[in-house]
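Coordinates from entry14.cif are shown below (mmCIF, C-alpha atoms).
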data_coords
#
loop_
_atom_site.label_atom_id
_atom_site.label_comp_id
_atom_site.auth_asym_id
_atom_site.auth_seq_id
_atom_site.Cartn_x
_atom_site.Cartn_y
_atom_site.Cartn_z
CA MET A 204 5.27 -13.34 20.67
CA THR A 205 5.78 -9.69 21.59
CA ALA A 206 7.43 -7.56 18.97
CA GLY A 207 10.81 -6.00 19.52
CA ARG A 208 10.91 -2.22 19.27
CA LEU A 209 12.35 -0.49 16.20
CA ASP A 210 13.35 2.53 18.27
CA GLY A 211 13.54 5.61 16.06
CA LYS A 212 14.86 7.79 18.88
CA ALA A 213 17.83 5.50 19.51
CA CYS A 214 18.54 5.09 15.79
CA ALA A 215 18.37 8.88 15.28
CA ALA A 216 20.78 9.42 18.20
CA ASP A 217 23.27 7.01 16.59
CA LEU A 218 22.97 8.81 13.27
CA GLU A 219 23.47 12.20 14.92
CA GLU A 220 26.72 11.01 16.50
CA ARG A 221 28.01 10.07 13.06
CA LEU A 222 26.85 13.40 11.64
CA LYS A 223 28.79 15.35 14.27
CA GLU A 224 32.08 14.01 12.91
CA ARG A 225 31.09 14.89 9.34
CA ILE A 226 30.03 18.39 10.41
CA ALA A 227 33.35 18.92 12.16
CA ASN A 228 35.14 18.07 8.90
CA CYS A 229 33.01 20.33 6.67
CA ASN A 230 34.78 23.23 5.01
CA SER A 231 31.74 25.39 5.74
CA GLN A 232 29.17 25.21 8.54
CA PRO A 233 26.06 23.43 7.21
CA HIS A 234 23.18 25.90 6.97
CA LEU A 235 19.46 25.02 6.74
CA ALA A 236 16.67 27.50 5.97
CA VAL A 237 13.04 26.70 6.74
CA ILE A 238 10.16 28.66 5.21
CA ILE A 239 6.86 28.47 7.10
CA VAL A 240 3.70 30.19 5.91
CA GLY A 241 0.73 30.75 8.20
CA ASP A 242 -0.17 29.80 11.77
CA ASP A 243 -0.76 26.04 11.68
CA PRO A 244 0.17 24.94 15.26
CA ALA A 245 1.47 21.51 14.27
CA SER A 246 3.70 23.04 11.59
CA HIS A 247 5.25 25.40 14.12
CA VAL A 248 5.94 22.44 16.44
CA TYR A 249 7.65 20.57 13.60
CA VAL A 250 9.76 23.61 12.73
CA ARG A 251 10.84 24.06 16.37
CA ASN A 252 11.90 20.41 16.48
CA LYS A 253 14.02 20.92 13.36
CA ILE A 254 15.61 24.07 14.77
CA ARG A 255 16.44 22.24 18.02
CA SER A 256 18.08 19.43 16.03
CA CYS A 257 20.18 22.01 14.18
CA GLU A 258 21.27 23.59 17.47
CA ARG A 259 22.16 20.20 18.92
CA LEU A 260 24.36 19.31 15.95
CA GLY A 261 25.95 22.69 15.24
CA ILE A 262 24.04 23.27 12.02
CA LYS A 263 23.17 26.91 11.36
CA SER A 264 19.43 27.48 10.90
CA THR A 265 17.45 30.32 9.39
CA HIS A 266 13.73 30.54 10.06
CA VAL A 267 11.65 32.53 7.56
CA GLU A 268 8.09 33.06 8.78
CA LEU A 269 5.45 34.51 6.43
CA PRO A 270 1.79 35.33 7.15
CA ALA A 271 -1.04 33.11 5.93
CA ASP A 272 -2.03 35.73 3.37
CA ALA A 273 1.43 35.89 1.80
CA THR A 274 1.40 35.54 -1.97
CA GLN A 275 2.88 32.77 -4.06
CA GLN A 276 5.29 35.34 -5.48
CA GLN A 277 6.58 36.28 -2.01
CA VAL A 278 7.44 32.67 -1.24
CA ALA A 279 8.97 32.24 -4.69
CA GLU A 280 11.18 35.29 -4.17
CA SER A 281 12.40 33.89 -0.83
CA ILE A 282 13.32 30.60 -2.52
CA ILE A 283 15.15 32.29 -5.40
CA SER A 284 17.12 34.46 -2.96
CA MET A 285 18.11 31.37 -0.98
CA ASN A 286 19.16 29.54 -4.14
CA ASP A 287 21.63 32.37 -4.80
CA ASP A 288 23.05 32.35 -1.25
CA SER A 289 26.24 30.25 -1.35
CA SER A 290 26.39 30.11 2.45
CA LEU A 291 23.06 28.27 2.59
CA HIS A 292 22.96 24.52 1.85
CA GLY A 293 19.39 23.40 2.50
CA ILE A 294 15.96 24.89 1.76
CA LEU A 295 12.79 23.42 3.22
CA ILE A 296 9.19 24.57 2.74
CA GLN A 297 7.13 23.45 5.73
CA SER A 298 3.90 21.69 4.73
CA PRO A 299 1.04 22.32 4.58
CA LEU A 300 0.96 25.62 2.75
CA PRO A 301 -2.20 27.78 2.61
CA LYS A 302 -4.72 26.53 0.05
CA HIS A 303 -4.13 29.43 -2.33
CA MET A 304 -0.52 28.33 -2.93
CA ASP A 305 0.82 25.79 -5.41
CA GLU A 306 3.28 23.79 -3.31
CA GLU A 307 4.47 21.70 -6.25
CA ALA A 308 5.39 24.78 -8.29
CA LEU A 309 7.29 26.25 -5.34
CA THR A 310 9.16 23.00 -4.77
CA ASP A 311 10.20 23.02 -8.43
CA LEU A 312 11.90 26.38 -7.85
CA ILE A 313 14.31 25.02 -5.23
CA ASP A 314 17.85 24.31 -6.43
CA PRO A 315 17.92 20.47 -6.48
CA THR A 316 21.28 20.48 -4.65
CA LYS A 317 19.60 22.40 -1.79
CA ASP A 318 16.36 20.41 -1.84
CA VAL A 319 16.89 18.69 1.51
CA ASP A 320 13.29 17.40 1.55
CA GLY A 321 14.15 15.44 -1.60
CA PHE A 322 10.88 16.36 -3.35
CA HIS A 323 12.25 18.12 -6.46
CA PRO A 324 11.53 16.09 -9.62
CA SER A 325 15.26 15.86 -10.33
CA ASN A 326 15.90 14.19 -6.97
CA LEU A 327 12.94 11.83 -7.21
CA GLY A 328 14.05 10.92 -10.72
CA ARG A 329 17.54 10.03 -9.50
CA ILE A 330 16.00 7.40 -7.22
CA VAL A 331 14.30 5.78 -10.21
CA GLN A 332 17.75 5.53 -11.81
CA GLY A 333 19.11 3.88 -8.66
CA ARG A 334 21.31 6.91 -7.87
CA LEU A 335 21.08 7.13 -4.09
CA ASP A 336 23.91 9.57 -3.41
CA GLY A 337 21.79 12.72 -3.57
CA MET A 338 18.80 14.20 -1.76
CA ILE A 339 16.43 11.36 -0.81
CA PRO A 340 13.04 12.10 0.80
CA CYS A 341 13.60 12.09 4.53
CA THR A 342 10.85 9.76 5.73
CA PRO A 343 11.56 6.80 3.39
CA ALA A 344 15.30 7.35 3.86
CA GLY A 345 14.72 7.25 7.62
CA VAL A 346 12.79 4.00 7.33
CA MET A 347 15.67 2.41 5.40
CA GLU A 348 18.19 3.62 7.98
CA MET A 349 16.05 2.22 10.79
CA LEU A 350 15.67 -1.17 9.09
CA ARG A 351 19.44 -1.46 8.61
CA TRP A 352 20.07 -0.28 12.19
CA GLY A 353 17.64 -2.95 13.42
CA GLY A 354 19.46 -5.68 11.49
CA VAL A 355 16.48 -6.43 9.25
CA GLU A 356 17.36 -8.62 6.27
CA MET A 357 15.75 -7.17 3.16
CA SER A 358 17.44 -9.03 0.30
CA GLY A 359 15.01 -11.45 -1.31
CA LYS A 360 12.26 -10.64 1.18
CA LYS A 361 8.73 -9.65 0.19
CA ALA A 362 7.96 -6.10 1.23
CA VAL A 363 4.60 -4.37 1.08
CA VAL A 364 4.29 -0.59 1.12
CA ILE A 365 0.80 0.66 1.96
CA GLY A 366 0.32 4.03 0.27
CA ARG A 367 1.60 5.50 -2.99
CA SER A 368 2.25 9.17 -2.17
CA PHE A 369 5.06 10.88 -4.07
CA ASN A 370 6.88 11.84 -0.86
CA VAL A 371 6.68 8.54 1.07
CA GLY A 372 5.06 5.50 -0.52
CA MET A 373 6.51 5.58 -4.03
CA PRO A 374 10.11 6.49 -3.08
CA GLN A 375 9.87 3.96 -0.23
CA ALA A 376 9.07 1.20 -2.70
CA LEU A 377 11.95 2.25 -4.96
CA LEU A 378 14.43 2.29 -2.06
CA LEU A 379 13.37 -1.18 -0.90
CA ALA A 380 13.78 -2.56 -4.42
CA ALA A 381 17.08 -0.77 -5.14
CA LYS A 382 20.38 -2.62 -5.36
CA GLY A 383 21.75 -3.15 -1.88
CA ALA A 384 18.30 -3.58 -0.33
CA ASP A 385 17.01 -5.98 -2.99
CA ALA A 386 13.53 -6.63 -1.62
CA THR A 387 10.64 -7.73 -3.82
CA VAL A 388 8.10 -4.94 -3.45
CA THR A 389 4.33 -4.64 -3.75
CA ILE A 390 2.54 -1.30 -3.40
CA VAL A 391 -0.90 -1.52 -1.80
CA HIS A 392 -3.33 1.36 -2.42
CA SER A 393 -7.03 2.22 -2.48
CA ARG A 394 -7.65 0.17 -5.63
CA THR A 395 -5.82 -2.97 -4.48
CA ALA A 396 -8.22 -5.93 -4.68
CA ASP A 397 -7.21 -7.58 -1.39
CA SER A 398 -4.90 -5.46 0.75
CA LYS A 399 -5.07 -7.85 3.69
CA ALA A 400 -3.91 -10.82 1.58
CA GLU A 401 -0.98 -8.80 0.20
CA CYS A 402 0.12 -7.84 3.71
CA LEU A 403 -0.27 -11.38 5.05
CA ALA A 404 2.23 -12.57 2.44
CA ALA A 405 4.82 -9.94 3.38
CA ASP A 406 7.99 -10.25 5.43
CA ILE A 407 8.16 -6.45 5.79
CA VAL A 408 5.16 -4.09 5.93
CA ILE A 409 5.55 -0.31 5.70
CA ALA A 410 2.26 1.45 6.52
CA ALA A 411 2.11 4.99 5.15
CA VAL A 412 -1.51 5.64 4.31
CA GLY A 413 -2.74 8.11 6.96
CA ARG A 414 -5.62 6.00 8.30
CA PRO A 415 -5.55 5.43 12.07
CA GLU A 416 -4.91 1.81 13.08
CA MET A 417 -5.97 0.46 9.68
CA VAL A 418 -3.45 -2.40 9.78
CA THR A 419 -4.72 -4.90 12.32
CA ALA A 420 -3.13 -8.05 13.72
CA ASP A 421 -4.97 -10.32 11.27
CA TRP A 422 -3.20 -8.53 8.38
CA ILE A 423 0.28 -9.53 9.56
CA LYS A 424 1.95 -12.90 9.32
CA PRO A 425 3.80 -14.09 12.45
CA GLY A 426 7.34 -12.75 12.64
CA ALA A 427 6.95 -10.01 10.05
CA VAL A 428 8.67 -6.63 10.48
CA VAL A 429 6.24 -3.70 10.59
CA VAL A 430 7.13 -0.03 10.24
CA ASP A 431 4.39 2.47 11.08
CA VAL A 432 4.86 5.74 9.21
CA GLY A 433 1.43 7.11 10.11
CA ILE A 434 0.86 9.80 12.71
CA ASN A 435 -2.80 10.63 13.20
CA ARG A 436 -4.62 12.67 15.81
CA VAL A 437 -7.69 10.77 17.07
CA GLU A 438 -10.30 11.73 19.63
CA ASP A 439 -9.80 10.24 23.10
CA SER A 440 -12.04 11.49 25.90
CA SER A 441 -9.90 9.71 28.49
CA ARG A 442 -7.05 12.15 27.82
CA ASP A 443 -7.02 15.62 29.35
CA ARG A 444 -6.38 17.15 25.95
CA GLY A 445 -9.18 15.11 24.35
CA TRP A 446 -7.02 13.38 21.75
CA ARG A 447 -4.08 11.02 21.28
CA LEU A 448 -1.61 10.17 18.55
CA ALA A 449 -2.17 6.94 16.66
CA GLY A 450 -0.28 5.29 13.86
CA ASP A 451 -1.60 3.46 10.83
CA VAL A 452 -0.94 0.17 12.67
CA HIS A 453 -3.12 -1.16 15.49
CA PRO A 454 -1.21 -1.78 18.75
CA ASP A 455 -2.30 -5.45 18.71
CA VAL A 456 0.12 -6.02 15.82
CA ALA A 457 2.84 -6.07 18.50
CA GLU A 458 1.59 -9.55 19.46
CA ILE A 459 2.25 -10.89 15.94
CA ALA A 460 5.22 -8.99 14.48
CA SER A 461 8.88 -9.64 15.30
CA LEU A 462 9.73 -5.91 15.13
CA LEU A 463 7.43 -2.89 15.24
CA SER A 464 8.21 0.83 15.17
CA PRO A 465 6.29 2.86 17.79
CA VAL A 466 4.16 5.99 17.31
CA PRO A 467 5.41 8.38 18.51
CA GLY A 468 9.13 7.66 18.75
CA GLY A 469 9.62 5.65 15.60
CA VAL A 470 9.77 7.12 12.11
CA GLY A 471 9.25 10.72 13.30
CA PRO A 472 12.70 11.18 14.89
CA MET A 473 14.28 9.48 11.88
CA THR A 474 12.63 11.91 9.46
CA VAL A 475 14.21 14.86 11.27
CA ALA A 476 17.57 13.08 11.52
CA MET A 477 17.59 12.40 7.78
CA LEU A 478 16.81 16.06 7.13
CA MET A 479 19.95 16.92 9.07
CA ALA A 480 21.88 14.27 7.11
CA ASN A 481 20.70 15.72 3.78
CA THR A 482 21.77 19.20 4.90
CA VAL A 483 25.25 17.91 5.78
CA THR A 484 25.48 16.02 2.47
CA SER A 485 24.57 19.21 0.61
CA ALA A 486 27.22 21.21 2.51
CA GLU A 487 29.85 18.57 1.74
CA SER A 488 29.01 18.48 -1.97
CA GLN A 489 28.83 22.26 -2.40
CA HIS A 490 32.19 22.87 -0.74
CA SER A 491 34.15 19.79 -1.78
#
Would you kindly transcribe this structure into structure tokens?
Amino acid sequence: MTAGRLDGKACAADLEERLKERIANCNSQPHLAVIIVGDDPASHVYVRNKIRSCERLGIKSTHVELPADATQQQVAESIISMNDDSSLHGILIQSPLPKHMDEEALTDLIDPTKDVDGFHPSNLGRIVQGRLDGMIPCTPAGVMEMLRWGGVEMSGKKAVVIGRSFNVGMPQALLLAAKGADATVTIVHSRTADSKAECLAADIVIAAVGRPEMVTADWIKPGAVVVDVGINRVEDSSRDRGWRLAGDVHPDVAEIASLLSPVPGGVGPMTVAMLMANTVTSAESQHS
């Protein structure tokens, strides 16, 4: 068996086509603001990708760049100003922030209706209530979109989510268990007694732990669907740049699974696409 490809690029392209029609019908042009603090190269790449997606879809973007020694108060003042700007529909703080900043406190300042990352406690709490019409964290929302796009049956299936982070693992588990998806969900984490056994029993495995190629072929039962959320930089002397990108899932899993998302080209494009979708949803709700 060789796994089929859960192609995030193709799924994101389909979603963008649907978004274009919604954007054309908006009473106001959707507008996303991104705050980036410091000089982290990867963060600047991610921000450029988001800006390019905005340009491609006709979403207005504002890019606020602050130095690494900016104060917490400076970032807070930018957020408060954006909250008050009725022409702006989405506010995103690019992670990671410098170590002297409290990212959680800054996230709490964002107007929940403009929290297109979906990390504000109000938006995470709505998911617990099964209210999925608001701002949902982009990566788990992208995984759900990709599973539906791939025709994966979730109802009654056993799903395992590896990782319990507040921005991916926990909301992912809630979305899989929510009405309409109806999977039976287990969360595997560092204290799980036998992670391999849990995964071997699963019909769907979502790996979101940040450990390169941790999930090996002997963890997966034949025919399972595997989604690799991880994106890790690992040393590779055979590459000119000295490193390569690796997921949380070993490539050999492709010989066991029925469907597998690639790294890169899987969840990454879907995360950006769902950010665009949240921005459009915010614009629609604020000007309805």
For A:Ser298: contacts at 9 Å, only C-alpha atoms, fewer than 3 positions along chain excluded, given as a count of residues only: 5
Evaluate the PyMOL selection byres ((chain A and resi 360) around 10) and report residues as a PyMOL selection string: chain A and resi 356-359+361-363+379-380+384-388+405-407
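When the PyMOL selection byres ((chain A and resi 401) around 12) is evaluated on the file shown here, the picked residues come out as A:Lys361, A:Ala362, A:Val363, A:Val364, A:Ile365, A:Val388, A:Thr389, A:Ile390, A:Val391, A:His392, A:Thr395, A:Ala396, A:Asp397, A:Ser398, A:Lys399, A:Ala400, A:Cys402, A:Leu403, A:Ala404, A:Ala405, A:Asp406, A:Ile407, A:Val408, A:Val418, A:Asp421, A:Trp422, A:Ile423, A:Lys424.
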Interatomic distance (Å, one decimal) between atom CA of A:Ile296 and atom CA of A:Glu224: 27.2 Å
Explicit residues for the PyMOL selection byres ((chain A and resi 209) around 6) (as a VMD selection string): chain A and resid 208 210 463 to 464
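Distances here use all atoms listed in the file; by that measure, the residue among A:Ile238, A:Val466, A:Val355, A:Leu312 closest to A:Pro270 is A:Ile238.
Nearest to A:Leu448 of all the residues A:Arg414, A:Leu350, A:Asn252, A:Leu478 is A:Arg414, based on only C-alpha atoms.
With only C-alpha atoms as the atoms that count, the minimum distance from A:Ile226 to the choices A:Ile283, A:Val456, A:Cys257, A:Val432 is reached by A:Cys257.
Atom CA of A:Asp242 to atom CA of A:His266 spans 14.0 Å [interatomic distance, one decimal].
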Residues within 12 Å of (0.2, 35.8, -1.5), counting only C-alpha atoms, listed as a ChimeraX atom specification: /A:240-241,269-280,300-305
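The nearest approach to A:Gly328 among the residues A:Ala420, A:Leu295, A:Leu377, A:Ala457, with only C-alpha atoms taken into account, belongs to A:Leu377.
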Output stretch 427-472 of chain A from the block with C-alpha atoms, as a short mmCIF file (atom, residue, chain, number, x, y, z; two decimals), in the first residue's frame?
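Contents of part.cif, freshly written:
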data_model
loop_
_atom_site.label_atom_id
_atom_site.label_comp_id
_atom_site.auth_asym_id
_atom_site.auth_seq_id
_atom_site.Cartn_x
_atom_site.Cartn_y
_atom_site.Cartn_z
CA ALA A 427 -5.35 4.73 8.70
CA VAL A 428 -5.47 8.42 7.72
CA VAL A 429 -2.49 10.42 8.98
CA VAL A 430 -2.21 14.20 9.10
CA ASP A 431 1.23 15.63 9.85
CA VAL A 432 1.01 19.05 11.46
CA GLY A 433 4.68 19.19 12.42
CA ILE A 434 7.24 21.29 10.59
CA ASN A 435 10.74 20.90 11.97
CA ARG A 436 14.13 22.00 10.70
CA VAL A 437 16.64 19.13 10.95
CA GLU A 438 20.30 18.97 10.02
CA ASP A 439 21.05 17.37 6.65
CA SER A 440 24.62 17.57 5.36
CA SER A 441 23.52 16.30 1.95
CA ARG A 442 21.64 19.56 1.32
CA ASP A 443 23.45 22.69 0.19
CA ARG A 444 21.81 24.68 2.97
CA GLY A 445 22.69 22.04 5.57
CA TRP A 446 19.13 21.34 6.70
CA ARG A 447 15.75 20.07 5.54
CA LEU A 448 12.15 20.30 6.69
CA ALA A 449 10.69 17.26 8.40
CA GLY A 450 7.28 16.56 9.84
CA ASP A 451 6.35 14.73 13.00
CA VAL A 452 5.62 11.64 10.86
CA HIS A 453 8.33 9.43 9.36
CA PRO A 454 8.10 9.10 5.54
CA ASP A 455 7.81 5.30 5.86
CA VAL A 456 4.26 5.80 7.19
CA ALA A 457 3.29 6.33 3.53
CA GLU A 458 3.66 2.56 3.07
CA ILE A 459 1.02 1.85 5.75
CA ALA A 460 -1.50 4.71 5.72
CA SER A 461 -4.32 5.15 3.20
CA LEU A 462 -3.91 8.95 3.19
CA LEU A 463 -1.00 11.09 4.40
CA SER A 464 -0.49 14.85 4.32
CA PRO A 465 2.97 15.92 3.09
CA VAL A 466 5.50 18.26 4.73
CA PRO A 467 5.80 20.79 3.24
CA GLY A 468 2.64 21.24 1.19
CA GLY A 469 0.10 19.80 3.59
CA VAL A 470 -1.20 21.59 6.66
CA GLY A 471 0.93 24.72 6.11
CA PRO A 472 -1.00 26.06 3.09
#
